[in-house]
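For reference, the structure discussed in these notes is given below.
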Amino acid sequence: MKKNRVIPIVLFKNGFVVQSKEFSEYRNLGNPFDSIRRLSEWGADEICFIDISSNQDSNLRSDLSRKSSTEYLEVLREVSRISFMPLSSGGGIKTIEDIELRIRNGADKVIINSAIFESLSFVEEAIHTFGSQCIIASLDVKRFESELSIFSNGGKVHEKQDILKLIDKLQDLGIGELLINSIDRDGKKTGYDLELAETIASIVKVPLIICGGAGEWEHLAEVLRIKKVDAVAAANIFQHVDQSVYLAHRYLYNSGIPVRKPKLLELK
């Protein structure tokens, strides 16, 4: 039986891992090297490492004993050496060269978001160049005027496209996976938007990853019980609990969800 995946998302902003809330509030959590090492040791199936850096200085924590480089590609290269799971890289991908740089620096897959709305031909070229298995299309969704609306550029730009028609286009182009993130639920810890997940699952033909809203392990189980949801992703919850990914796997495994048997790894 195909196994469901548990995927931590690590948000990288101006050199540090951050916690997000509704795509507008960010709090520094620590060092990306330490964070990804822990997640790997705890048995994550994959990790999405997403650069949301800006030119503005973040509020750096004074208790950090180790400074992190603000150069995302440099950090990506280093964390790829200490992780024992597939690594997906996202943030600021606009060109074929951007994808090449990320793969050259250790990424197994790339996550394309805002560039989808600038040029579908770029998405098509990326798929033809690197293969479907390398390309994850990511859509950030918010309920706006009672409709499911897509927002790009970190949730700032309302893209007035029908989400289901766009997903059909992306699938026809040959995307390898689809990542759906609920802006409304981001950082709320109130659970995933199950109605949103069911709506997308009803038309999806590729592996579907759902993100946004996890506050307890049962929330992961709820969304993975939806037919055609292949994986569950979360950011904040995996940063605040010791052995979090292991505990999530154990809860899901014991609940009858088809995930890998929970196991802690030893990294050298």
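Following the order of the structure tokens, chains are lettered A, B, ..., residues in each are numbered from 1, and ligands are numbered from 1.
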Which residues are near range 101-107 of chain A? Cut-off 8 Å, only C-alpha atoms, ignore same chain within fewer than 4 positions. Put them as a PDB file with C-alpha atoms, in the first residue's frame.
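Everything below was put into result_13.pdb:
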ATOM      1  CA  LEU A  73      21.457  28.882  -1.592  1.00  0.00           C
ATOM      2  CA  GLU A  74      24.480  28.592   0.666  1.00  0.00           C
ATOM      3  CA  LEU A  76      20.411  25.008   1.149  1.00  0.00           C
ATOM      4  CA  ARG A  77      23.719  23.450   0.103  1.00  0.00           C
ATOM      5  CA  SER A  80      21.286  19.096   2.069  1.00  0.00           C
ATOM      6  CA  ARG A  81      24.434  17.493   3.484  1.00  0.00           C
ATOM      7  CA  PRO A  86      14.162  14.433  -0.082  1.00  0.00           C
ATOM      8  CA  LEU A  87      14.468  18.209   0.067  1.00  0.00           C
ATOM      9  CA  SER A  88      12.111  20.516  -1.825  1.00  0.00           C
ATOM     10  CA  SER A  89      13.175  24.113  -2.368  1.00  0.00           C
ATOM     11  CA  GLU A  97      18.417  29.061 -13.958  1.00  0.00           C
TER      12      GLU A  97
END
According to DSSP computed on the backbone, where in range 49-197 of chain A is there strand (DSSP E)? Give the residues as a tab-separated table (two decimals) with C-alpha atoms, in the first residue's frame.
chain	number	residue	atom	x	y	z
A	49	PHE	CA	12.62	24.45	2.67
A	50	ILE	CA	11.10	27.73	1.50
A	51	ASP	CA	12.84	31.10	1.26
A	87	LEU	CA	14.47	18.21	0.07
A	88	SER	CA	12.11	20.52	-1.83
A	89	SER	CA	13.18	24.11	-2.37
A	90	GLY	CA	10.80	27.03	-2.87
A	109	LYS	CA	12.41	19.08	-6.10
A	110	VAL	CA	11.40	22.69	-6.53
A	111	ILE	CA	8.20	24.47	-5.52
A	112	ILE	CA	6.82	26.98	-8.03
A	135	ILE	CA	8.13	20.18	-10.09
A	136	ILE	CA	5.65	20.96	-7.30
A	137	ALA	CA	3.00	23.57	-8.09
A	138	SER	CA	2.01	25.51	-4.98
A	139	LEU	CA	-1.20	27.51	-4.58
A	140	ASP	CA	-1.97	29.73	-1.58
A	141	VAL	CA	-5.72	29.87	-1.08
A	142	LYS	CA	-7.98	32.16	0.93
A	143	ARG	CA	-11.74	32.49	1.25
A	144	PHE	CA	-12.52	35.89	-0.26
A	147	GLU	CA	-15.21	32.14	-2.85
A	148	LEU	CA	-11.97	30.17	-2.88
A	149	SER	CA	-9.42	32.67	-4.17
A	150	ILE	CA	-5.75	32.27	-5.01
A	151	PHE	CA	-3.17	34.75	-3.75
A	152	SER	CA	0.44	35.04	-4.92
A	157	VAL	CA	-1.73	39.68	-4.75
A	158	HIS	CA	-5.22	38.39	-5.50
A	159	GLU	CA	-5.08	36.27	-8.65
A	177	GLU	CA	2.65	17.31	-7.28
A	178	LEU	CA	0.26	19.95	-6.00
A	179	LEU	CA	0.71	21.79	-2.69
A	180	ILE	CA	-2.37	23.63	-1.38
A	181	ASN	CA	-1.87	26.02	1.53
A	182	SER	CA	-4.73	27.70	3.38
*Report the distance between CA of His128 in chain A and CA of Pro207 in chain A in Å, rounded to one decimal place.*
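Computing the Euclidean distance for CA of His128 in chain A and CA of Pro207 in chain A yields 18.6 Å.
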*Would you mind listing what lies within 10 Å of Arg37 in chain A as a list in words, with only C-alpha atoms counted and same-chain residues fewer than 2 positions away left out?*
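The residues satisfying every condition are Pro32, Phe33, Asp34, Ser35, Leu39, Ser40, Glu41, Trp42, Val79, Ser80, Arg81, Ile82, Ser83, Phe84 and Leu267 of chain A.
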*CA of Asp98 in chain A to CA of Arg5 in chain A: how many Å, to one decimal?*
26.5 Å
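In terms of minimum interatomic distance to Ile203 in chain A, A:Ile167 ranks closest within A:Asp184, A:Asn236, A:Val259, A:Ile167, counting only C-alpha atoms.
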Mind listing the alpha helix (DSSP H) residues of range 49-239 of chain A, per DSSP on the backbone, as a JSON list (two decimals) with N, CA and C atoms, in the first residue's frame?
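Listing of selection11.json after writing:
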[["chain", "number", "residue", "atom", "x", "y", "z"],
["A", 72, "TYR", "N", 20.43, 32.14, 1.02],
["A", 72, "TYR", "CA", 19.61, 30.93, 1.02],
["A", 72, "TYR", "C", 20.28, 29.75, 0.31],
["A", 73, "LEU", "N", 20.86, 29.99, -0.85],
["A", 73, "LEU", "CA", 21.46, 28.88, -1.59],
["A", 73, "LEU", "C", 22.63, 28.27, -0.84],
["A", 74, "GLU", "N", 23.38, 29.10, -0.15],
["A", 74, "GLU", "CA", 24.48, 28.59, 0.67],
["A", 74, "GLU", "C", 23.95, 27.70, 1.78],
["A", 75, "VAL", "N", 22.87, 28.16, 2.42],
["A", 75, "VAL", "CA", 22.27, 27.38, 3.50],
["A", 75, "VAL", "C", 21.66, 26.10, 2.93],
["A", 76, "LEU", "N", 20.99, 26.18, 1.78],
["A", 76, "LEU", "CA", 20.41, 25.01, 1.15],
["A", 76, "LEU", "C", 21.49, 23.95, 0.90],
["A", 77, "ARG", "N", 22.62, 24.39, 0.38],
["A", 77, "ARG", "CA", 23.72, 23.45, 0.10],
["A", 77, "ARG", "C", 24.19, 22.75, 1.37],
["A", 78, "GLU", "N", 24.30, 23.51, 2.45],
["A", 78, "GLU", "CA", 24.79, 22.94, 3.71],
["A", 78, "GLU", "C", 23.75, 22.00, 4.34],
["A", 79, "VAL", "N", 22.47, 22.40, 4.34],
["A", 79, "VAL", "CA", 21.48, 21.54, 4.99],
["A", 79, "VAL", "C", 21.24, 20.27, 4.19],
["A", 80, "SER", "N", 21.46, 20.31, 2.87],
["A", 80, "SER", "CA", 21.29, 19.10, 2.07],
["A", 80, "SER", "C", 22.30, 18.03, 2.46],
["A", 96, "ILE", "N", 14.50, 29.19, -15.34],
["A", 96, "ILE", "CA", 15.11, 27.86, -15.40],
["A", 96, "ILE", "C", 16.43, 27.86, -14.64],
["A", 97, "GLU", "N", 17.15, 28.96, -14.70],
["A", 97, "GLU", "CA", 18.42, 29.06, -13.96],
["A", 97, "GLU", "C", 18.18, 28.97, -12.45],
["A", 98, "ASP", "N", 17.08, 29.57, -11.97],
["A", 98, "ASP", "CA", 16.75, 29.47, -10.54],
["A", 98, "ASP", "C", 16.60, 28.01, -10.12],
["A", 99, "ILE", "N", 15.94, 27.22, -10.97],
["A", 99, "ILE", "CA", 15.75, 25.81, -10.66],
["A", 99, "ILE", "C", 17.09, 25.07, -10.69],
["A", 100, "GLU", "N", 17.89, 25.35, -11.72],
["A", 100, "GLU", "CA", 19.21, 24.71, -11.83],
["A", 100, "GLU", "C", 20.07, 24.98, -10.60],
["A", 101, "LEU", "N", 20.03, 26.22, -10.12],
["A", 101, "LEU", "CA", 20.83, 26.59, -8.95],
["A", 101, "LEU", "C", 20.38, 25.81, -7.71],
["A", 102, "ARG", "N", 19.09, 25.65, -7.56],
["A", 102, "ARG", "CA", 18.59, 24.92, -6.39],
["A", 102, "ARG", "C", 18.92, 23.44, -6.45],
["A", 103, "ILE", "N", 18.81, 22.85, -7.62],
["A", 103, "ILE", "CA", 19.17, 21.44, -7.76],
["A", 103, "ILE", "C", 20.67, 21.25, -7.56],
["A", 104, "ARG", "N", 21.43, 22.17, -8.12],
["A", 104, "ARG", "CA", 22.89, 22.10, -7.97],
["A", 104, "ARG", "C", 23.31, 22.23, -6.50],
["A", 115, "ALA", "N", 5.37, 32.34, -9.87],
["A", 115, "ALA", "CA", 5.73, 32.29, -11.29],
["A", 115, "ALA", "C", 4.64, 31.63, -12.13],
["A", 116, "ILE", "N", 3.79, 30.84, -11.50],
["A", 116, "ILE", "CA", 2.67, 30.21, -12.22],
["A", 116, "ILE", "C", 1.81, 31.28, -12.90],
["A", 117, "PHE", "N", 1.64, 32.42, -12.23],
["A", 117, "PHE", "CA", 0.74, 33.46, -12.72],
["A", 117, "PHE", "C", 1.44, 34.42, -13.67],
["A", 118, "GLU", "N", 2.75, 34.33, -13.73],
["A", 118, "GLU", "CA", 3.50, 35.16, -14.66],
["A", 118, "GLU", "C", 3.63, 34.48, -16.01],
["A", 120, "LEU", "N", 2.64, 30.43, -17.63],
["A", 120, "LEU", "CA", 2.45, 28.98, -17.62],
["A", 120, "LEU", "C", 3.44, 28.29, -18.55],
["A", 121, "SER", "N", 3.93, 29.03, -19.53],
["A", 121, "SER", "CA", 4.92, 28.45, -20.44],
["A", 121, "SER", "C", 6.23, 28.17, -19.69],
["A", 122, "PHE", "N", 6.52, 28.98, -18.66],
["A", 122, "PHE", "CA", 7.70, 28.71, -17.83],
["A", 122, "PHE", "C", 7.52, 27.40, -17.07],
["A", 123, "VAL", "N", 6.32, 27.19, -16.54],
["A", 123, "VAL", "CA", 6.03, 25.94, -15.82],
["A", 123, "VAL", "C", 6.21, 24.76, -16.77],
["A", 124, "GLU", "N", 5.68, 24.90, -17.98],
["A", 124, "GLU", "CA", 5.80, 23.83, -18.98],
["A", 124, "GLU", "C", 7.26, 23.56, -19.32],
["A", 125, "GLU", "N", 8.04, 24.63, -19.50],
["A", 125, "GLU", "CA", 9.46, 24.47, -19.81],
["A", 125, "GLU", "C", 10.20, 23.78, -18.67],
["A", 126, "ALA", "N", 9.85, 24.16, -17.44],
["A", 126, "ALA", "CA", 10.49, 23.55, -16.27],
["A", 126, "ALA", "C", 10.21, 22.05, -16.22],
["A", 127, "ILE", "N", 8.98, 21.67, -16.52],
["A", 127, "ILE", "CA", 8.60, 20.25, -16.51],
["A", 127, "ILE", "C", 9.36, 19.49, -17.59],
["A", 128, "HIS", "N", 9.45, 20.07, -18.77],
["A", 128, "HIS", "CA", 10.14, 19.41, -19.88],
["A", 128, "HIS", "C", 11.64, 19.31, -19.61],
["A", 129, "THR", "N", 12.18, 20.31, -18.93],
["A", 129, "THR", "CA", 13.63, 20.34, -18.68],
["A", 129, "THR", "C", 14.04, 19.40, -17.55],
["A", 130, "PHE", "N", 13.28, 19.39, -16.47],
["A", 130, "PHE", "CA", 13.69, 18.67, -15.27],
["A", 130, "PHE", "C", 12.85, 17.44, -14.95],
["A", 163, "ILE", "N", -9.79, 28.45, -9.35],
["A", 163, "ILE", "CA", -8.78, 27.54, -8.83],
["A", 163, "ILE", "C", -8.86, 26.15, -9.47],
["A", 164, "LEU", "N", -10.06, 25.65, -9.69],
["A", 164, "LEU", "CA", -10.20, 24.31, -10.25],
["A", 164, "LEU", "C", -9.76, 24.27, -11.72],
["A", 165, "LYS", "N", -10.07, 25.32, -12.47],
["A", 165, "LYS", "CA", -9.62, 25.39, -13.86],
["A", 165, "LYS", "C", -8.11, 25.51, -13.94],
["A", 166, "LEU", "N", -7.52, 26.28, -13.02],
["A", 166, "LEU", "CA", -6.07, 26.42, -13.03],
["A", 166, "LEU", "C", -5.40, 25.09, -12.69],
["A", 167, "ILE", "N", -5.94, 24.38, -11.73],
["A", 167, "ILE", "CA", -5.36, 23.08, -11.37],
["A", 167, "ILE", "C", -5.43, 22.13, -12.56],
["A", 168, "ASP", "N", -6.54, 22.14, -13.28],
["A", 168, "ASP", "CA", -6.65, 21.30, -14.48],
["A", 168, "ASP", "C", -5.56, 21.65, -15.49],
["A", 169, "LYS", "N", -5.29, 22.95, -15.68],
["A", 169, "LYS", "CA", -4.25, 23.38, -16.62],
["A", 169, "LYS", "C", -2.88, 22.89, -16.16],
["A", 170, "LEU", "N", -2.61, 23.02, -14.86],
["A", 170, "LEU", "CA", -1.31, 22.60, -14.33],
["A", 170, "LEU", "C", -1.12, 21.09, -14.46],
["A", 171, "GLN", "N", -2.19, 20.35, -14.25],
["A", 171, "GLN", "CA", -2.10, 18.90, -14.40],
["A", 171, "GLN", "C", -1.90, 18.52, -15.86],
["A", 172, "ASP", "N", -2.55, 19.23, -16.76],
["A", 172, "ASP", "CA", -2.37, 18.96, -18.19],
["A", 172, "ASP", "C", -0.93, 19.24, -18.63],
["A", 173, "LEU", "N", -0.30, 20.23, -18.00],
["A", 173, "LEU", "CA", 1.09, 20.55, -18.32],
["A", 173, "LEU", "C", 2.03, 19.45, -17.83],
["A", 194, "LEU", "N", -10.78, 21.33, 5.85],
["A", 194, "LEU", "CA", -11.15, 20.04, 5.25],
["A", 194, "LEU", "C", -12.04, 20.20, 4.03],
["A", 195, "GLU", "N", -12.89, 21.24, 4.04],
["A", 195, "GLU", "CA", -13.74, 21.49, 2.87],
["A", 195, "GLU", "C", -12.88, 21.84, 1.66],
["A", 196, "LEU", "N", -11.86, 22.67, 1.88],
["A", 196, "LEU", "CA", -10.92, 23.02, 0.80],
["A", 196, "LEU", "C", -10.22, 21.77, 0.30],
["A", 197, "ALA", "N", -9.71, 20.96, 1.23],
["A", 197, "ALA", "CA", -9.00, 19.74, 0.85],
["A", 197, "ALA", "C", -9.89, 18.81, 0.03],
["A", 198, "GLU", "N", -11.13, 18.65, 0.44],
["A", 198, "GLU", "CA", -12.06, 17.77, -0.28],
["A", 198, "GLU", "C", -12.38, 18.31, -1.67],
["A", 199, "THR", "N", -12.50, 19.62, -1.78],
["A", 199, "THR", "CA", -12.79, 20.24, -3.08],
["A", 199, "THR", "C", -11.65, 19.98, -4.06],
["A", 200, "ILE", "N", -10.42, 20.18, -3.61],
["A", 200, "ILE", "CA", -9.26, 19.96, -4.49],
["A", 200, "ILE", "C", -9.10, 18.47, -4.79],
["A", 201, "ALA", "N", -9.29, 17.64, -3.76],
["A", 201, "ALA", "CA", -9.13, 16.19, -3.95],
["A", 201, "ALA", "C", -10.11, 15.64, -4.97],
["A", 217, "TRP", "N", -2.01, 16.39, 16.56],
["A", 217, "TRP", "CA", -1.78, 15.29, 15.63],
["A", 217, "TRP", "C", -3.07, 14.83, 14.96],
["A", 218, "GLU", "N", -4.19, 14.90, 15.64],
["A", 218, "GLU", "CA", -5.45, 14.47, 15.05],
["A", 218, "GLU", "C", -5.81, 15.30, 13.82],
["A", 219, "HIS", "N", -5.38, 16.54, 13.79],
["A", 219, "HIS", "CA", -5.63, 17.37, 12.61],
["A", 219, "HIS", "C", -4.96, 16.76, 11.37],
["A", 220, "LEU", "N", -3.76, 16.19, 11.54],
["A", 220, "LEU", "CA", -3.08, 15.53, 10.43],
["A", 220, "LEU", "C", -3.88, 14.31, 9.98],
["A", 221, "ALA", "N", -4.38, 13.55, 10.94],
["A", 221, "ALA", "CA", -5.15, 12.35, 10.61],
["A", 221, "ALA", "C", -6.43, 12.71, 9.86],
["A", 222, "GLU", "N", -7.09, 13.79, 10.27],
["A", 222, "GLU", "CA", -8.35, 14.20, 9.64],
["A", 222, "GLU", "C", -8.17, 14.44, 8.15],
["A", 223, "VAL", "N", -7.12, 15.14, 7.80],
["A", 223, "VAL", "CA", -6.94, 15.47, 6.38],
["A", 223, "VAL", "C", -6.44, 14.27, 5.59],
["A", 224, "LEU", "N", -5.66, 13.39, 6.22],
["A", 224, "LEU", "CA", -5.15, 12.22, 5.51],
["A", 224, "LEU", "C", -6.24, 11.17, 5.30],
["A", 236, "ASN", "N", 4.70, 25.21, 11.85],
["A", 236, "ASN", "CA", 4.89, 25.59, 13.25],
["A", 236, "ASN", "C", 4.86, 24.41, 14.21],
["A", 237, "ILE", "N", 3.91, 23.49, 14.02],
["A", 237, "ILE", "CA", 3.74, 22.41, 14.99],
["A", 237, "ILE", "C", 4.99, 21.54, 15.11],
["A", 238, "PHE", "N", 5.75, 21.40, 14.02],
["A", 238, "PHE", "CA", 6.93, 20.55, 14.06],
["A", 238, "PHE", "C", 8.14, 21.23, 14.70],
["A", 239, "GLN", "N", 8.03, 22.55, 14.92],
["A", 239, "GLN", "CA", 9.14, 23.29, 15.51],
["A", 239, "GLN", "C", 9.03, 23.39, 17.03]]
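Of the residues listed (A:Ile7, A:Lys205, A:Gly92, A:Met1), A:Ile7 shows the shortest atom-to-atom separation from Ala248 in chain A; distances use only C-alpha atoms.
Distances to Ser53 in chain A were evaluated for A:Ser202, A:Lys13, A:Arg260, A:Gly30 using only C-alpha atoms, and the minimum falls at A:Lys13.
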*asked:* If I take CA of Leu208 in chain A and CA of Val229 in chain A, how far is one from the other in Å, to one decimal?
replied: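 We find that CA of Leu208 in chain A and CA of Val229 in chain A lie 5.1 Å from each other.
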*From A:Glu216, A:Ile52, A:Lys3, A:Gln161, residue lying nearest Tyr251 in chain A [only C-alpha atoms]*: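 That would be A:Glu216, the residue with the smallest distance to Tyr251 in chain A.
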*Considering only C-alpha atoms, state which residue in the set A:Tyr253, A:Leu247, A:Arg185, A:Ile210 is at the smallest distance from Asp230 in chain A.*
A:Ile210
